[in-house]
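Read through the structure below, which is laid out as structure tokens, and then see the notes.
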Amino acid sequence: LTSSSTRQTQDKHKHKHRTITKMKMRRAMLALAALLLDSTTAWTTVPRSVITTTPPAIIPHGGAAMMPTAIPPEIVTSFVPPLACMFLRYDYIVSYGYGGALALTGIVLHAVAPLQSAILTLYGVRLCLFLLARNLFSQRMQEMQQRIEAKALARNSDDTSWLQRKLKLLPLAVSCGYLYYGLSAPLLLQSTTNVATQICAAGTALGFAIAALGDTTKSWVKRNDPDALVTSGIYSVLRHPNYTGEIIGWTMNCAAGVAGAIHGNLRRGALAWYMTSSVLGWLGIVFVLMQATGGLEQRQKEKYGDRAEYKEWIDKTWSGWMVAKKETPPVIKVSDTVEEGGTGI
């Protein structure tokens with residue numbers, strides 16, 4: 001009886017500790033949200049000429065040296081979503097954290113590059129809505145998310161604290177935050193708008209439209225038959241339009257920043273920082289997307305490779321840019337993969 005009573009007391013203390021920890025994290029997240037609102041207000045009320053030439057500290061043409069009075073809003077909107085998602089679910093960092101960061105950053109940078117920021121905002125909102133619908137209505141996706149979360153928890157099972165387990169994800173969340181910042185940095189390079197930036201913006205929109213069409217087509221076809229091989233619509237031309245479209249979109253997004261910088265008036269320090277972040281963001285996302293394309297190509301070959309329909313399909317379509325996977329036994333069984341995955345990092 002004494003042993004049982006001791007165990008119950010320990011369980012109560014553990015439950016109380018977890019509850020207090022979660023309350024503290026909720027308060028921290030509310031504080032971060034307040035910081036986001038304060039930073040956004042402080043920066044969006046500054047004239048466009050100052051916003052496009054301020055962080056890091058530089059001297060606008062014809063003016064005195066200026067320092068930001070608050071954290072730049074694009075920093076907050078890029079890092080807060082993945083950091084917040086870190087405390088929710090492991091996979092949310094690269095799904096809702098990804099779409100949410102881009103949507104919010106597009107909003108706060110609207111005064112800098114209206115057209116390009118609107119495209120990024122629409123992309124982020126569309127992605128989050130697509131992910132939400134897929135998570136709500138796709139049983140296979142729900143099962144896959146549970147497996148991903150279970151594996152993440154198993155890797156950190158040696159930790160006794162919920163907070164310790166979550167903090168192990170901090171490097172991933174921070175690196176993703178910088179990646180998302182790099183994807184929005186081209187907007188900060190566009191201190192002026194010209195024909196080249198408008199052409200690149202159109203290319204960005206086209207790429208994201210291809211990705212959205214790919215997601216929609218695959219989800220529609222697989223709603224009744226999750227194991228179906230999708231070969232209709234845009235899939236009659238591209239085997240992985242969601243990834244290929246995103247590669248096109250992010251490449252043109254980076255090109256828009258370069259085009260804006262060539263004809264812009266940014267000082268050397270800001271130009272170097274934004275350009276470096278833009279290129280690193282572009283390289284990072286393209287590498288991830290090419291790896292994802294190669295992985296999906298390999299899984300499809302393993303799953304459908306003996307079908308005549310598949311062989312005819314690959315002869316008539318283009319896989320898109322990809323990093324080819326070695327033909328080794330997969331770690332995850334084919335039955336555990338989800339073909340309706342769609343867009344996401």
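Chains: A, B, ... in order of the structure tokens. Residues: from 1 per chain. Ligands: from 1, in order shown.
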| request: Select from stretch 69-181 of chain A everything DSSP, run on the backbone, classes as alpha helix (DSSP H), then give the selection as JSON, numbers by chain. | output: {"A": [73, 74, 75, 76, 77, 78, 79, 80, 81, 82, 83, 84, 85, 86, 96, 97, 98, 99, 100, 101, 102, 103, 104, 105, 106, 107, 108, 114, 115, 116, 117, 118, 119, 120, 121, 122, 123, 124, 125, 126, 127, 128, 129, 130, 131, 132, 133, 134, 135, 136, 137, 139, 140, 141, 142, 143, 144, 145, 146, 147, 148, 149, 150, 151, 152, 153, 154, 155, 162, 163, 164, 165, 166, 167, 170, 171, 172, 173, 174, 175, 176, 177, 178, 179, 180, 181]}
| query | Neighbours of A:Ile314 within 12 Å (only C-alpha atoms; same-chain residues fewer than 6 positions away dropped), as a PyMOL selection string? | reply | chain A and resi 229-231+235-240+297+300-301+304-305+307-308+320
| A:Asn265 surroundings by only C-alpha atoms, 8 Å radius, close-in-sequence under 2 positions cut, as a list in words |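 Surrounding residues, per the criterion: His61, Ser191, Thr192, Ala261, His263 and Arg267 of chain A.
Of note, atom CA of A:Val221 and atom CA of A:Ile234 are spaced 12.2 Å apart.
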| message | Using only C-alpha atoms for the distances, tell me which of A:Ser138, A:Thr244, A:Ser277, A:Thr216 is nearest to A:Trp318. | response | A:Thr244
| query | Between A:Leu169, A:Leu136, A:Met322, A:Leu183, which has the minimum distance to A:Leu120 (counting only C-alpha atoms)? | reply |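 Ranking A:Leu169, A:Leu136, A:Met322, A:Leu183 by distance to A:Leu120, first place goes to A:Leu183.
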| Leaving out stretch 93-105 of chain A and any residue of its chain fewer than 3 positions from it, which residues lie within 10 Å of it when counting only C-alpha atoms, given as a VMD selection string? | chain A and resid 36 40 73 to 90 108 to 110 117 to 129 131 to 132 169 172 to 174 176 to 177 179 to 181 183 to 185 187 343 to 345
| field | Atom-to-atom span, atom CA of A:Ile248 and atom CA of A:Asp215, Å | value | 15.4 Å
| said: as a list of chain:residue names, please: the residues near A:Leu289 (cut-off 8 Å, only C-alpha atoms, same-chain neighbours under 2 positions excluded). | reply: A:Tyr243, A:Thr244, A:Glu246, A:Ile247, A:Ile285, A:Val286, A:Phe287, A:Gln291, A:Ala292, A:Thr293, A:Met322, A:Ile345
Please write the residues from the selection above to a file, keeping N, CA, C and O atoms, as an mmCIF file, in the first residue's frame.
data_model
loop_
_atom_site.group_PDB
_atom_site.id
_atom_site.type_symbol
_atom_site.label_atom_id
_atom_site.label_comp_id
_atom_site.auth_asym_id
_atom_site.auth_seq_id
_atom_site.Cartn_x
_atom_site.Cartn_y
_atom_site.Cartn_z
ATOM 1 N N TYR A 243 6.196 19.635 -56.484
ATOM 2 C CA TYR A 243 7.596 19.970 -56.191
ATOM 3 C C TYR A 243 8.236 20.787 -57.313
ATOM 4 O O TYR A 243 8.952 21.758 -57.065
ATOM 5 N N THR A 244 7.986 20.383 -58.561
ATOM 6 C CA THR A 244 8.556 21.122 -59.698
ATOM 7 C C THR A 244 8.044 22.555 -59.724
ATOM 8 O O THR A 244 8.807 23.505 -59.975
ATOM 9 N N GLU A 246 7.026 24.351 -57.177
ATOM 10 C CA GLU A 246 7.652 25.124 -56.101
ATOM 11 C C GLU A 246 9.088 25.509 -56.446
ATOM 12 O O GLU A 246 9.536 26.611 -56.121
ATOM 13 N N ILE A 247 9.813 24.610 -57.085
ATOM 14 C CA ILE A 247 11.187 24.943 -57.487
ATOM 15 C C ILE A 247 11.178 26.133 -58.443
ATOM 16 O O ILE A 247 11.987 27.062 -58.314
ATOM 17 N N ILE A 285 15.839 25.544 -49.992
ATOM 18 C CA ILE A 285 14.522 25.013 -50.351
ATOM 19 C C ILE A 285 14.592 24.175 -51.617
ATOM 20 O O ILE A 285 13.910 23.152 -51.731
ATOM 21 N N VAL A 286 15.427 24.568 -52.585
ATOM 22 C CA VAL A 286 15.554 23.786 -53.816
ATOM 23 C C VAL A 286 16.162 22.419 -53.521
ATOM 24 O O VAL A 286 15.718 21.399 -54.061
ATOM 25 N N PHE A 287 17.147 22.379 -52.641
ATOM 26 C CA PHE A 287 17.753 21.096 -52.284
ATOM 27 C C PHE A 287 16.734 20.189 -51.600
ATOM 28 O O PHE A 287 16.634 19.000 -51.911
ATOM 29 N N GLN A 291 15.328 16.670 -53.178
ATOM 30 C CA GLN A 291 15.399 15.427 -52.422
ATOM 31 C C GLN A 291 14.020 14.781 -52.300
ATOM 32 O O GLN A 291 13.878 13.558 -52.441
ATOM 33 N N ALA A 292 13.009 15.602 -52.033
ATOM 34 C CA ALA A 292 11.649 15.085 -51.917
ATOM 35 C C ALA A 292 11.189 14.473 -53.239
ATOM 36 O O ALA A 292 10.529 13.428 -53.260
ATOM 37 N N THR A 293 11.534 15.129 -54.347
ATOM 38 C CA THR A 293 11.166 14.603 -55.662
ATOM 39 C C THR A 293 11.826 13.259 -55.912
ATOM 40 O O THR A 293 11.180 12.302 -56.369
ATOM 41 N N MET A 322 15.562 16.712 -59.639
ATOM 42 C CA MET A 322 15.562 15.884 -58.434
ATOM 43 C C MET A 322 16.963 15.386 -58.109
ATOM 44 O O MET A 322 17.855 15.373 -58.968
ATOM 45 N N ILE A 345 7.521 20.949 -46.967
ATOM 46 C CA ILE A 345 8.959 20.688 -46.993
ATOM 47 C C ILE A 345 9.198 19.217 -46.701
ATOM 48 O O ILE A 345 8.669 18.699 -45.760
#
| query | When distances are computed from only C-alpha atoms, which of A:Lys222, A:Lys325, A:Pro72, A:Trp162 shows the smallest separation from A:Glu302? | reply |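 Using only C-alpha atoms, A:Glu302 sits closest to A:Lys325.
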